[in-house]
Each structure stands twice: as C-alpha cells, then as structure tokens.
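Peer 1: Sharing a structure below in structure tokens format, with a few things to ask.
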Amino acid sequence: MPLMSSKELEKYLKERFAEKILRIEHPVADLLLLHIDREDSVEINRFLFHDLSGRFVVAIGTDHREVSGFYLVDYTYSLAAHHLFITLRLKVPSGDLWIEAITGQADIPAANWAEREIQDMLGIPLRHHPDPRRLMLADDWPADMPPLRRDMPLQTYPACVSEAPEFKKPPQGATVVPIGPFFPVLEEPAQFRLFVEGEKVVGGDYRGFYNHRGVEKIADSQLNYNQVPFLAERICGI
C-alpha cells in the first residue's frame, strides 16, 4: 500500500467500512480516532492488524460514566509506514457489559494481557477470549469489585475470598517445573510453571503482579497532573 496522509487514510477507511465507522476525529495531527460499534470491533481490528500491517500498541479501558454514561475501550495501532496512529473507540453501556475479545477472534495475541486487564480492573467481561482467567488482581480479591471503577473508593479493603485463579493444565505426559514466586534472579515475585518433555519446553503458565501497587487508582483519585509522573518515577525507579 502506498504512503498515505491522515486524510487519505480516513477516506480509504470510510470507503472500506462505510456505515460501520460512526465518525472519525483527529485529536492530534498523526492520530485517527475511529468511533465504532463493539459488534464491529473484531472485523475492523483484524483489518488494521493483518491487512494494514498495523502494530498493536495497547488496549485501554476507561470508566467514562460520569461524562458520557458509558465505559470506553480503545485499541491503538501504529502504522509506521504511514507515520500515523489509529485508535478504535468502543462505547460499552453500563447496563450491558461485554466486549468481543480480539485476542483470538482477530488473531492478535499481543492483545491478550491488555484485554484481560480491562476485564479485571473495570469488570467488563470478555467474549470468546482464549484465556479469560484473572491476570492483575490478587488471588483473594473479590471478583465483583473491579478496583478501577470511579465509584470504588481508594481505601477499599474487602474481605478475602477463597477462589484463587486456576493454573493451566500441562499437556498429556509433560512435567511441571515451577519457578517462583520467590526466586533469586527475580526483582519482584512472579510464578512461572514450565511444561517440559525431557529437556524440551512445550508450554508454560505465568502468574504475576504480586507487587501491584494500585498506582492507577491513586493517580485517578488523589493526585494532580504534576504529581502523577513524580510518583511513577519513584516507584519504577526511573
């Protein structure tokens, strides 16, 4: 595909998807923000990733109910050849929470953790995700208390629950080699389970985020614009 400007790419996408693109905005010069229905998310995400060779950058969920009455889910791609970014924005009604996972249906494995984080932290269920298990939250955190919803107070200490996330089952005949959650070479706790057949690793599973500090919640509810980078730098050791 020849190099296109943002206006040319906008025209191309409108011709390709017609009424499936509700509207297009240009928040900054090198970004196209496409508003779409969540029912069309898999098709358009697949097109951006596979047909336009977009690099998946991130998926972000936002509790936007105080402003619009909806949750927002954004998928962002880098089109390096065109020097542009594209973001797909979905509105999720608070009374009908779900999104179609693009990890498996659109064959975009890089979206795996980002989509599971949205599910954990905002409580937006994933449909047809190949591995919808818990990712971010502590093992004993209640499933019905998504911590990044705006109506969840910062200082929330719910009673512990006993349901812990399940680990993957190893393939038939494989041996499990556990590493962690505490291991000398790991800077923070993380648990790896390698599935091995002899000396060959045939699969694995991961459980991390044991030191998740809730920085997003603190930044969202307590800090101003100038304080957020200071806190992030202190915690990340930058």
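Residues in the structure tokens are named by chain (A, B, ... in the order shown) and by number from 1 within that chain; ligands are numbered from 1 in the order shown.
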Hey, could you make a per-residue contact list for range 143-195 of chain A against range 46-67 of chain A with 10 Å as the cut-off, showing the nearest pair of atoms and its distance in Å to one decimal, counting only C-alpha atoms, sorted by chain and number, as JSON lines?
Peer 2:
```
{"residue": "A:Leu148", "atom": "CA", "partner": "A:Asp63", "partner_atom": "CA", "distance": 7.6}
{"residue": "A:Arg149", "atom": "CA", "partner": "A:Asp63", "partner_atom": "CA", "distance": 5.8}
{"residue": "A:Arg150", "atom": "CA", "partner": "A:Asp63", "partner_atom": "CA", "distance": 6.3}
{"residue": "A:Asp151", "atom": "CA", "partner": "A:Asp63", "partner_atom": "CA", "distance": 9.3}
```
Peer 1: Output N, CA and C atoms for every residue in that selection, as a PDB file, in the first residue's frame.
Peer 2:
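What landed in selection25.pdb:
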```pdb
ATOM      1  N   LEU A 148     -10.809  -0.283  39.412  1.00  0.00           N
ATOM      2  CA  LEU A 148     -10.629   0.969  38.681  1.00  0.00           C
ATOM      3  C   LEU A 148     -11.942   1.625  38.249  1.00  0.00           C
ATOM      4  N   ARG A 149     -13.051   1.125  38.754  1.00  0.00           N
ATOM      5  CA  ARG A 149     -14.287   1.869  38.531  1.00  0.00           C
ATOM      6  C   ARG A 149     -14.267   3.132  39.384  1.00  0.00           C
ATOM      7  N   ARG A 150     -14.819   4.222  38.853  1.00  0.00           N
ATOM      8  CA  ARG A 150     -14.722   5.504  39.523  1.00  0.00           C
ATOM      9  C   ARG A 150     -15.455   5.513  40.862  1.00  0.00           C
ATOM     10  N   ASP A 151     -16.465   4.667  41.022  1.00  0.00           N
ATOM     11  CA  ASP A 151     -17.217   4.657  42.275  1.00  0.00           C
ATOM     12  C   ASP A 151     -16.610   3.719  43.316  1.00  0.00           C
TER      13      ASP A 151
END
```
Peer 1: To test your reading of the structure, identify every residue in range 31-215 of chain A that backbone DSSP assigns to strand (DSSP E), and report it as number ranges by chain.
Peer 2: A: 31-36, 55-64, 70-79, 84-93, 99-100, 126-127, 175-179, 191-197, 200-207
Peer 1: I'd like to know which residues of range 73-196 of chain A are helix (DSSP H, G or I) (by DSSP, run on the backbone); could you write them as a PyMOL selection string?
Peer 2: chain A and resi 80-82+102-105+109-122
Peer 1: Emit the selected residues as a PDB file, in the first residue's frame, including N, CA and C atoms.
Peer 2:
```
ATOM      1  N   ALA A  80       3.487   2.470  11.108  1.00  0.00           N
ATOM      2  CA  ALA A  80       4.792   3.120  10.988  1.00  0.00           C
ATOM      3  C   ALA A  80       5.078   3.575   9.567  1.00  0.00           C
ATOM      4  N   ALA A  81       4.645   2.787   8.580  1.00  0.00           N
ATOM      5  CA  ALA A  81       4.928   3.132   7.186  1.00  0.00           C
ATOM      6  C   ALA A  81       4.261   4.445   6.787  1.00  0.00           C
ATOM      7  N   HIS A  82       3.141   4.764   7.450  1.00  0.00           N
ATOM      8  CA  HIS A  82       2.404   5.988   7.124  1.00  0.00           C
ATOM      9  C   HIS A  82       2.645   7.093   8.157  1.00  0.00           C
ATOM     10  N   ILE A 102     -10.484  -9.543  20.900  1.00  0.00           N
ATOM     11  CA  ILE A 102      -9.788  -9.626  19.612  1.00  0.00           C
ATOM     12  C   ILE A 102      -8.583 -10.563  19.677  1.00  0.00           C
ATOM     13  N   THR A 103      -8.198 -10.984  20.885  1.00  0.00           N
ATOM     14  CA  THR A 103      -7.007 -11.821  21.053  1.00  0.00           C
ATOM     15  C   THR A 103      -7.079 -13.055  20.171  1.00  0.00           C
ATOM     16  N   GLY A 104      -8.185 -13.783  20.259  1.00  0.00           N
ATOM     17  CA  GLY A 104      -8.343 -14.999  19.478  1.00  0.00           C
ATOM     18  C   GLY A 104      -9.122 -14.794  18.200  1.00  0.00           C
ATOM     19  N   GLN A 105     -10.238 -14.059  18.289  1.00  0.00           N
ATOM     20  CA  GLN A 105     -11.123 -13.928  17.131  1.00  0.00           C
ATOM     21  C   GLN A 105     -10.480 -13.154  15.986  1.00  0.00           C
ATOM     22  N   PRO A 109      -2.560 -11.989  19.202  1.00  0.00           N
ATOM     23  CA  PRO A 109      -2.135 -12.472  20.523  1.00  0.00           C
ATOM     24  C   PRO A 109      -1.603 -11.377  21.434  1.00  0.00           C
ATOM     25  N   ALA A 110      -1.047 -10.307  20.872  1.00  0.00           N
ATOM     26  CA  ALA A 110      -0.485  -9.238  21.700  1.00  0.00           C
ATOM     27  C   ALA A 110      -1.537  -8.537  22.545  1.00  0.00           C
ATOM     28  N   ALA A 111      -2.816  -8.693  22.197  1.00  0.00           N
ATOM     29  CA  ALA A 111      -3.885  -8.047  22.955  1.00  0.00           C
ATOM     30  C   ALA A 111      -4.292  -8.848  24.194  1.00  0.00           C
ATOM     31  N   ASN A 112      -3.712 -10.013  24.384  1.00  0.00           N
ATOM     32  CA  ASN A 112      -4.129 -10.925  25.460  1.00  0.00           C
ATOM     33  C   ASN A 112      -4.153 -10.244  26.824  1.00  0.00           C
ATOM     34  N   TRP A 113      -3.008  -9.773  27.278  1.00  0.00           N
ATOM     35  CA  TRP A 113      -2.930  -9.213  28.629  1.00  0.00           C
ATOM     36  C   TRP A 113      -3.730  -7.920  28.743  1.00  0.00           C
ATOM     37  N   ALA A 114      -3.691  -7.081  27.708  1.00  0.00           N
ATOM     38  CA  ALA A 114      -4.405  -5.803  27.773  1.00  0.00           C
ATOM     39  C   ALA A 114      -5.900  -6.019  27.936  1.00  0.00           C
ATOM     40  N   GLU A 115      -6.449  -6.986  27.209  1.00  0.00           N
ATOM     41  CA  GLU A 115      -7.889  -7.254  27.339  1.00  0.00           C
ATOM     42  C   GLU A 115      -8.216  -7.858  28.696  1.00  0.00           C
ATOM     43  N   ARG A 116      -7.370  -8.730  29.183  1.00  0.00           N
ATOM     44  CA  ARG A 116      -7.629  -9.326  30.497  1.00  0.00           C
ATOM     45  C   ARG A 116      -7.506  -8.283  31.609  1.00  0.00           C
ATOM     46  N   GLU A 117      -6.620  -7.306  31.427  1.00  0.00           N
ATOM     47  CA  GLU A 117      -6.515  -6.226  32.405  1.00  0.00           C
ATOM     48  C   GLU A 117      -7.800  -5.408  32.444  1.00  0.00           C
ATOM     49  N   ILE A 118      -8.378  -5.121  31.284  1.00  0.00           N
ATOM     50  CA  ILE A 118      -9.650  -4.396  31.232  1.00  0.00           C
ATOM     51  C   ILE A 118     -10.740  -5.185  31.957  1.00  0.00           C
ATOM     52  N   GLN A 119     -10.757  -6.480  31.744  1.00  0.00           N
ATOM     53  CA  GLN A 119     -11.747  -7.322  32.412  1.00  0.00           C
ATOM     54  C   GLN A 119     -11.570  -7.304  33.924  1.00  0.00           C
ATOM     55  N   ASP A 120     -10.325  -7.429  34.378  1.00  0.00           N
ATOM     56  CA  ASP A 120     -10.047  -7.452  35.814  1.00  0.00           C
ATOM     57  C   ASP A 120     -10.358  -6.120  36.481  1.00  0.00           C
ATOM     58  N   MET A 121      -9.836  -5.049  35.918  1.00  0.00           N
ATOM     59  CA  MET A 121      -9.835  -3.760  36.606  1.00  0.00           C
ATOM     60  C   MET A 121     -11.125  -2.970  36.444  1.00  0.00           C
ATOM     61  N   LEU A 122     -11.875  -3.215  35.355  1.00  0.00           N
ATOM     62  CA  LEU A 122     -13.135  -2.498  35.138  1.00  0.00           C
ATOM     63  C   LEU A 122     -14.351  -3.416  35.165  1.00  0.00           C
TER      64      LEU A 122
END
```
Peer 1: May I have the residues within 12 Å of range 230-233 of chain A as a PyMOL selection string, using only C-alpha atoms and disregarding those fewer than 3 positions away in the same chain?
Peer 2: chain A and resi 213-216+218-219+222-227+236-238
Peer 1: As an exercise, work out the distance from CA of Val202 in chain A to CA of Ala174 in chain A in Å and give it to one decimal place.
Peer 2: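 It comes out at 7.8 Å.
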Peer 1: Between A:Pro125, A:Pro229, A:Pro184, A:Pro189, which residue has the minimum interatomic distance to Asn211 in chain A, considering only C-alpha atoms?
Peer 2: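 Among the listed residues, A:Pro189 lies closest to Asn211 in chain A.
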Peer 1: Please compute the CA of Leu126 in chain A-CA of Arg23 in chain A distance, one decimal, in Å.
Peer 2: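 Taking CA of Leu126 in chain A and CA of Arg23 in chain A, their separation equals 24.7 Å.
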Peer 1: Any idea what the distance is between CA of Pro146 in chain A and CA of Leu97 in chain A?
Peer 2: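 According to the coordinates, CA of Pro146 in chain A and CA of Leu97 in chain A are separated by 12.7 Å.
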